[in-house]
>>> print(open('start_39.cif').read())   # mmCIF, C-alpha atoms
data_upload
loop_
_atom_site.group_PDB
_atom_site.id
_atom_site.type_symbol
_atom_site.label_atom_id
_atom_site.label_comp_id
_atom_site.auth_asym_id
_atom_site.auth_seq_id
_atom_site.Cartn_x
_atom_site.Cartn_y
_atom_site.Cartn_z
ATOM 1 C CA MET J 1 -55.848 21.088 -17.030
ATOM 2 C CA LYS J 2 -57.019 20.376 -20.565
ATOM 3 C CA ARG J 3 -54.634 19.416 -23.362
ATOM 4 C CA GLU J 4 -55.171 22.624 -25.383
ATOM 5 C CA GLU J 5 -54.787 24.803 -22.297
ATOM 6 C CA PHE J 6 -51.557 23.009 -21.367
ATOM 7 C CA PHE J 7 -49.883 23.468 -24.764
ATOM 8 C CA SER J 8 -51.089 27.058 -25.061
ATOM 9 C CA LYS J 9 -49.640 27.851 -21.646
ATOM 10 C CA LEU J 10 -46.400 26.063 -22.588
ATOM 11 C CA ARG J 11 -46.048 28.138 -25.775
ATOM 12 C CA ARG J 12 -46.522 31.385 -23.831
ATOM 13 C CA ALA J 13 -44.086 30.484 -21.028
ATOM 14 C CA SER J 14 -41.338 33.089 -20.753
ATOM 15 C CA ARG J 15 -39.106 30.871 -18.602
ATOM 16 C CA PRO J 16 -38.173 27.203 -18.852
ATOM 17 C CA VAL J 17 -40.767 24.902 -17.294
ATOM 18 C CA ILE J 18 -40.471 21.801 -15.119
ATOM 19 C CA ILE J 19 -43.598 19.668 -15.177
ATOM 20 C CA ASP J 20 -44.228 17.244 -12.319
ATOM 21 C CA LEU J 21 -46.844 14.651 -13.255
ATOM 22 C CA TRP J 22 -48.063 13.035 -10.053
ATOM 23 C CA ALA J 23 -51.085 11.602 -8.228
ATOM 24 C CA PRO J 24 -52.134 11.773 -4.556
ATOM 25 C CA TRP J 25 -52.208 7.963 -4.253
ATOM 26 C CA CYS J 26 -48.672 7.547 -5.710
ATOM 27 C CA GLY J 27 -46.151 6.553 -3.012
ATOM 28 C CA PRO J 28 -43.017 7.487 -5.008
ATOM 29 C CA CYS J 29 -44.616 10.863 -5.829
ATOM 30 C CA ARG J 30 -45.095 11.612 -2.136
ATOM 31 C CA ALA J 31 -41.609 10.345 -1.261
ATOM 32 C CA MET J 32 -40.034 12.608 -3.891
ATOM 33 C CA GLU J 33 -42.056 15.668 -2.805
ATOM 34 C CA PRO J 34 -39.605 17.116 -0.201
ATOM 35 C CA ALA J 35 -36.626 16.976 -2.584
ATOM 36 C CA PHE J 36 -38.762 18.351 -5.414
ATOM 37 C CA LYS J 37 -39.983 21.217 -3.238
ATOM 38 C CA GLN J 38 -36.403 22.041 -2.212
ATOM 39 C CA ALA J 39 -35.218 22.124 -5.846
ATOM 40 C CA SER J 40 -38.258 24.229 -6.805
ATOM 41 C CA GLN J 41 -37.412 26.795 -4.129
ATOM 42 C CA LYS J 42 -33.771 26.932 -5.201
ATOM 43 C CA TYR J 43 -34.753 27.716 -8.817
ATOM 44 C CA ALA J 44 -37.735 29.954 -7.978
ATOM 45 C CA GLY J 45 -37.967 32.895 -10.357
ATOM 46 C CA LYS J 46 -35.665 31.195 -12.873
ATOM 47 C CA VAL J 47 -37.686 28.093 -13.761
ATOM 48 C CA ASP J 48 -41.462 27.719 -13.606
ATOM 49 C CA VAL J 49 -42.818 24.577 -11.947
ATOM 50 C CA TRP J 50 -46.174 23.069 -12.885
ATOM 51 C CA LYS J 51 -47.612 20.222 -10.869
ATOM 52 C CA ILE J 52 -50.188 18.280 -12.864
ATOM 53 C CA ASN J 53 -52.390 15.705 -11.164
ATOM 54 C CA ALA J 54 -52.469 12.636 -13.440
ATOM 55 C CA ASP J 55 -55.997 11.727 -12.358
ATOM 56 C CA GLU J 56 -57.372 15.159 -13.263
ATOM 57 C CA SER J 57 -55.510 15.592 -16.586
ATOM 58 C CA PRO J 58 -55.319 12.220 -18.362
ATOM 59 C CA ASP J 59 -55.430 13.847 -21.820
ATOM 60 C CA VAL J 60 -52.261 15.855 -21.023
ATOM 61 C CA LEU J 61 -50.443 12.682 -19.962
ATOM 62 C CA LYS J 62 -51.600 10.895 -23.096
ATOM 63 C CA SER J 63 -50.468 13.716 -25.401
ATOM 64 C CA LEU J 64 -47.059 13.796 -23.686
ATOM 65 C CA GLY J 65 -46.707 10.012 -23.996
ATOM 66 C CA VAL J 66 -46.424 9.520 -20.244
ATOM 67 C CA MET J 67 -46.789 5.853 -19.277
ATOM 68 C CA GLY J 68 -46.010 6.064 -15.553
ATOM 69 C CA ILE J 69 -45.812 8.471 -12.662
ATOM 70 C CA PRO J 70 -44.045 10.241 -11.179
ATOM 71 C CA THR J 71 -42.677 11.742 -14.386
ATOM 72 C CA VAL J 72 -40.721 14.993 -14.421
ATOM 73 C CA ILE J 73 -40.218 16.771 -17.746
ATOM 74 C CA ALA J 74 -38.115 19.866 -18.467
ATOM 75 C CA PHE J 75 -39.358 22.099 -21.301
ATOM 76 C CA ASP J 76 -38.089 25.186 -23.074
ATOM 77 C CA LYS J 77 -41.153 26.567 -24.861
ATOM 78 C CA GLU J 78 -42.564 23.443 -26.544
ATOM 79 C CA LYS J 79 -39.206 21.692 -26.835
ATOM 80 C CA GLU J 80 -38.674 18.845 -24.391
ATOM 81 C CA ILE J 81 -35.199 19.011 -22.876
ATOM 82 C CA LEU J 82 -35.160 16.067 -20.485
ATOM 83 C CA ARG J 83 -37.604 13.529 -19.059
ATOM 84 C CA ARG J 84 -37.282 11.155 -16.112
ATOM 85 C CA THR J 85 -39.858 8.664 -14.885
ATOM 86 C CA GLY J 86 -39.933 7.176 -11.409
ATOM 87 C CA MET J 87 -38.777 8.547 -8.105
ATOM 88 C CA GLN J 88 -35.812 10.856 -8.617
ATOM 89 C CA THR J 89 -32.931 11.493 -6.254
ATOM 90 C CA PRO J 90 -32.214 15.080 -5.146
ATOM 91 C CA ASP J 91 -29.118 15.034 -7.398
ATOM 92 C CA MET J 92 -31.182 14.029 -10.438
ATOM 93 C CA LEU J 93 -33.756 16.715 -9.685
ATOM 94 C CA GLU J 94 -30.893 19.217 -9.550
ATOM 95 C CA ILE J 95 -29.759 18.015 -13.000
ATOM 96 C CA LEU J 96 -33.315 18.364 -14.342
ATOM 97 C CA PHE J 97 -33.728 21.913 -13.033
ATOM 98 C CA ASP J 98 -30.252 22.899 -14.193
ATOM 99 C CA SER J 99 -30.968 21.488 -17.670
ATOM 100 C CA ALA J 100 -34.147 23.519 -17.867
ATOM 101 C CA LEU J 101 -32.342 26.666 -16.737
ATOM 102 C CA ASN J 102 -29.548 26.142 -19.294
ATOM 103 C CA ARG J 103 -32.098 25.141 -21.936
ATOM 104 C CA ARG J 104 -30.082 22.110 -23.016
ATOM 105 C CA ARG J 105 -29.765 18.438 -22.241
ATOM 106 C CA PRO J 106 -26.758 17.594 -20.049
ATOM 107 C CA ASP J 107 -23.866 15.695 -21.630
ATOM 108 C CA ILE J 108 -23.832 13.047 -18.899
ATOM 109 C CA ILE J 109 -27.004 11.744 -17.260
ATOM 110 C CA PRO J 110 -26.435 9.358 -14.363
ATOM 111 C CA PRO J 111 -28.411 6.111 -14.271
ATOM 112 C CA ALA J 112 -31.081 5.704 -11.621
ATOM 113 C CA PRO J 113 -30.007 3.868 -8.442
ATOM 114 C CA MET J 114 -31.963 0.729 -9.361
ATOM 115 C CA ASP J 115 -30.420 0.758 -12.853
ATOM 116 C CA ARG J 116 -26.964 0.847 -11.256
ATOM 117 C CA ILE J 117 -27.797 -2.188 -9.133
ATOM 118 C CA LEU J 118 -29.271 -4.164 -12.027
ATOM 119 C CA ARG J 119 -26.428 -3.351 -14.420
ATOM 120 C CA THR J 120 -23.822 -4.241 -11.806
ATOM 121 C CA ALA J 121 -25.518 -7.552 -11.025
ATOM 122 C CA ALA J 122 -25.881 -8.443 -14.716
ATOM 123 C CA GLY J 123 -22.259 -7.526 -15.446
ATOM 124 C CA LEU J 124 -20.944 -9.517 -12.495
ATOM 125 C CA PHE J 125 -23.069 -12.472 -13.599
ATOM 126 C CA LEU J 126 -21.516 -12.341 -17.074
ATOM 127 C CA LEU J 127 -18.026 -12.033 -15.576
ATOM 128 C CA GLY J 128 -18.728 -15.087 -13.419
ATOM 129 C CA ILE J 129 -20.026 -17.121 -16.356
ATOM 130 C CA GLY J 130 -16.933 -16.283 -18.396
ATOM 131 C CA TRP J 131 -14.597 -17.068 -15.502
ATOM 132 C CA PHE J 132 -16.129 -20.392 -14.459
ATOM 133 C CA TYR J 133 -16.804 -21.966 -17.858
ATOM 134 C CA GLN J 134 -13.344 -21.256 -19.337
ATOM 135 C CA LEU J 135 -14.450 -21.692 -22.941
ATOM 136 C CA SER J 136 -12.335 -20.510 -25.856
ATOM 137 C CA TRP J 137 -14.530 -17.413 -26.164
ATOM 138 C CA SER J 138 -14.974 -16.786 -22.406
ATOM 139 C CA TRP J 139 -12.912 -13.625 -22.706
ATOM 140 C CA LEU J 140 -15.675 -12.185 -24.897
ATOM 141 C CA ILE J 141 -18.322 -12.876 -22.226
ATOM 142 C CA MET J 142 -16.050 -11.381 -19.566
ATOM 143 C CA LEU J 143 -15.435 -8.307 -21.726
ATOM 144 C CA LEU J 144 -19.182 -7.894 -22.174
ATOM 145 C CA GLY J 145 -19.615 -8.239 -18.396
ATOM 146 C CA ALA J 146 -17.007 -5.538 -17.796
ATOM 147 C CA VAL J 147 -18.764 -3.202 -20.248
ATOM 148 C CA VAL J 148 -22.110 -3.785 -18.515
ATOM 149 C CA VAL J 149 -20.573 -3.054 -15.084
ATOM 150 C CA PHE J 150 -18.936 0.089 -16.513
ATOM 151 C CA SER J 151 -22.339 1.205 -17.849
ATOM 152 C CA ALA J 152 -23.549 1.311 -14.236
ATOM 153 C CA PHE J 153 -20.824 3.759 -13.184
ATOM 154 C CA TYR J 154 -19.759 5.594 -16.378
ATOM 155 C CA ASP J 155 -20.907 8.937 -15.010
ATOM 156 C CA ARG J 156 -18.354 8.697 -12.183
ATOM 157 C CA CYS J 157 -15.376 7.930 -14.450
ATOM 158 C CA PRO J 158 -13.105 11.001 -14.737
ATOM 159 C CA VAL J 159 -11.841 9.998 -18.191
ATOM 160 C CA TYR J 160 -15.402 9.580 -19.480
ATOM 161 C CA ARG J 161 -16.390 12.963 -18.018
ATOM 162 C CA VAL J 162 -13.618 14.644 -20.018
ATOM 163 C CA VAL J 163 -14.014 12.710 -23.275
ATOM 164 C CA ALA J 164 -17.834 12.449 -23.574
ATOM 165 C CA PRO J 165 -18.615 16.200 -23.892
ATOM 166 C CA LYS J 166 -15.902 16.602 -26.552
ATOM 167 C CA VAL J 167 -17.193 13.675 -28.597
ATOM 168 C CA LEU J 168 -20.790 14.888 -28.253
ATOM 169 C CA SER J 169 -19.784 18.390 -29.393
ATOM 170 C CA LEU J 170 -18.304 16.876 -32.569
ATOM 171 C CA PHE J 171 -21.629 15.228 -33.340
ATOM 172 C CA ARG J 172 -23.552 18.425 -32.574
ATOM 173 C CA ARG J 173 -21.401 20.426 -34.994
ATOM 174 C CA SER J 174 -21.707 17.859 -37.783
ATOM 175 C CA SER J 175 -25.503 17.738 -37.474
ATOM 176 C CA GLU J 176 -25.948 21.522 -37.653
#
>>> encode(input="start_39.cif", output="structure tokens")
Amino acid sequence: MKREEFFSKLRRASRPVIIDLWAPWCGPCRAMEPAFKQASQKYAGKVDVWKINADESPDVLKSLGVMGIPTVIAFDKEKEILRRTGMQTPDMLEILFDSALNRRRPDIIPPAPMDRILRTAAGLFLLGIGWFYQLSWSWLIMLLGAVVVFSAFYDRCPVYRVVAPKVLSLFRRSSE
């Protein structure tokens, strides 16, 4: 697909569109395929799905600013709603399709599984440094470690789930 054809088709789309940028040689693309197909079938008739081979449409990837595949992007007309790069879990694909259907970005987007692991490890490392060195400002390092660990699991915190949408709605109203 050529760049001009892609954007013309996107402008004319009557439904929200999910774009799957993939390549046949991409292992994560193939691993994500069954979950992607299942989500596509669930939202059939409500959300259009376009699979674009990265090798055959490099100008489309370049114009979208895609640096890696697989990349899944949700669009409403020409407005990008949500973008995720890398292999996505079935739950994240559900969030992407639901965002496209609702034509708005979700209030809470969970981190990818690898991000959770890295954030947890970094936070625990900071907690350990603060605990073992017992400096006068160790509490600050430990507090930072706790914040980093929380950033790995914020989406599962019931208090955050209640407060975040309300705070975000305040910002949305003030910007309008």
>>> residues_around(input="start_39.cif", residues="stretch 108-122 of chain J", least_positions_apart="2", cutoff="6 Å", atoms="only C-alpha atoms", output="list in words")
Pro106, Leu124, Phe125, Val148, Val149, Ala152 and Asp155 of chain J
>>> write_last_selection(input="start_39.cif", atoms="C-alpha atoms", output="PDB file, in the frame of the given file")
ATOM      1  CA  PRO J 106     -26.758  17.594 -20.049  1.00  0.00           C
ATOM      2  CA  LEU J 124     -20.944  -9.517 -12.495  1.00  0.00           C
ATOM      3  CA  PHE J 125     -23.069 -12.472 -13.599  1.00  0.00           C
ATOM      4  CA  VAL J 148     -22.110  -3.785 -18.515  1.00  0.00           C
ATOM      5  CA  VAL J 149     -20.573  -3.054 -15.084  1.00  0.00           C
ATOM      6  CA  ALA J 152     -23.549   1.311 -14.236  1.00  0.00           C
ATOM      7  CA  ASP J 155     -20.907   8.937 -15.010  1.00  0.00           C
TER       8      ASP J 155
END
>>> residues_around(input="start_39.cif", residues="J:Leu127", least_positions_apart="6", cutoff="12 Å", atoms="all atoms listed in the file", output="list in words")
Thr120, Ala121, Tyr133, Gln134, Ser138, Trp139, Leu140, Ile141, Met142, Leu143, Leu144, Gly145, Ala146, Val147, Val148 and Val149 of chain J
>>> closest_residue(input="start_39.cif", among="J:Gly128, J:Phe36, J:Trp137, J:Asp107", to="J:Arg172", atoms="only C-alpha atoms")
J:Asp107
>>> resolve_selection(input="start_39.cif", expression="the PyMOL selection byres ((chain J and resi 39-52) around 8)", output="ChimeraX atom specification")
/J:1,15-22,35-38,53-54,56-57,90,93-94,97,100-101
>>> write_last_selection(input="start_39.cif", atoms="C-alpha atoms", output="CSV table (one decimal), keeping the file's coordinate frame")
chain,number,residue,atom,x,y,z
J,1,MET,CA,-55.8,21.1,-17.0
J,15,ARG,CA,-39.1,30.9,-18.6
J,16,PRO,CA,-38.2,27.2,-18.9
J,17,VAL,CA,-40.8,24.9,-17.3
J,18,ILE,CA,-40.5,21.8,-15.1
J,19,ILE,CA,-43.6,19.7,-15.2
J,20,ASP,CA,-44.2,17.2,-12.3
J,21,LEU,CA,-46.8,14.7,-13.3
J,22,TRP,CA,-48.1,13.0,-10.1
J,35,ALA,CA,-36.6,17.0,-2.6
J,36,PHE,CA,-38.8,18.4,-5.4
J,37,LYS,CA,-40.0,21.2,-3.2
J,38,GLN,CA,-36.4,22.0,-2.2
J,53,ASN,CA,-52.4,15.7,-11.2
J,54,ALA,CA,-52.5,12.6,-13.4
J,56,GLU,CA,-57.4,15.2,-13.3
J,57,SER,CA,-55.5,15.6,-16.6
J,90,PRO,CA,-32.2,15.1,-5.1
J,93,LEU,CA,-33.8,16.7,-9.7
J,94,GLU,CA,-30.9,19.2,-9.6
J,97,PHE,CA,-33.7,21.9,-13.0
J,100,ALA,CA,-34.1,23.5,-17.9
J,101,LEU,CA,-32.3,26.7,-16.7
>>> resolve_selection(input="start_39.cif", expression="the PyMOL selection byres ((chain J and resi 63) around 12)", output="list in words")
Lys2, Arg3, Glu4, Phe6, Phe7, Ser57, Pro58, Asp59, Val60, Leu61, Lys62, Leu64, Gly65, Val66 and Met67 of chain J
>>> write_last_selection(input="start_39.cif", atoms="C-alpha atoms", output="compact mmCIF listing (two decimals), in the coordinates of the input")
# COMPACT_ATOMS: atom_id res chain seq x y z
CA LYS J 2 -57.02 20.38 -20.56
CA ARG J 3 -54.63 19.42 -23.36
CA GLU J 4 -55.17 22.62 -25.38
CA PHE J 6 -51.56 23.01 -21.37
CA PHE J 7 -49.88 23.47 -24.76
CA SER J 57 -55.51 15.59 -16.59
CA PRO J 58 -55.32 12.22 -18.36
CA ASP J 59 -55.43 13.85 -21.82
CA VAL J 60 -52.26 15.86 -21.02
CA LEU J 61 -50.44 12.68 -19.96
CA LYS J 62 -51.60 10.90 -23.10
CA LEU J 64 -47.06 13.80 -23.69
CA GLY J 65 -46.71 10.01 -24.00
CA VAL J 66 -46.42 9.52 -20.24
CA MET J 67 -46.79 5.85 -19.28
>>> residues_around(input="start_39.cif", residues="J:Thr85", least_positions_apart="4", cutoff="8 Å", atoms="all atoms listed in the file", output="list of chain:residue names")
J:Gly68, J:Ile69, J:Pro70, J:Thr71, J:Val72
>>> closest_residue(input="start_39.cif", among="J:Thr89, J:Gly123, J:Lys79, J:Arg84", to="J:Ser151", atoms="all atoms listed in the file")
J:Gly123
>>> atom_distance(input="start_39.cif", atom1="atom CA of J:Met32", atom2="atom CA of J:Ala74")
16.4 Å
>>> atom_distance(input="start_39.cif", atom1="atom CA of J:Met92", atom2="atom CA of J:Ser8")
27.9 Å
>>> atom_distance(input="start_39.cif", atom1="atom CA of J:Lys77", atom2="atom CA of J:Arg103")
9.6 Å
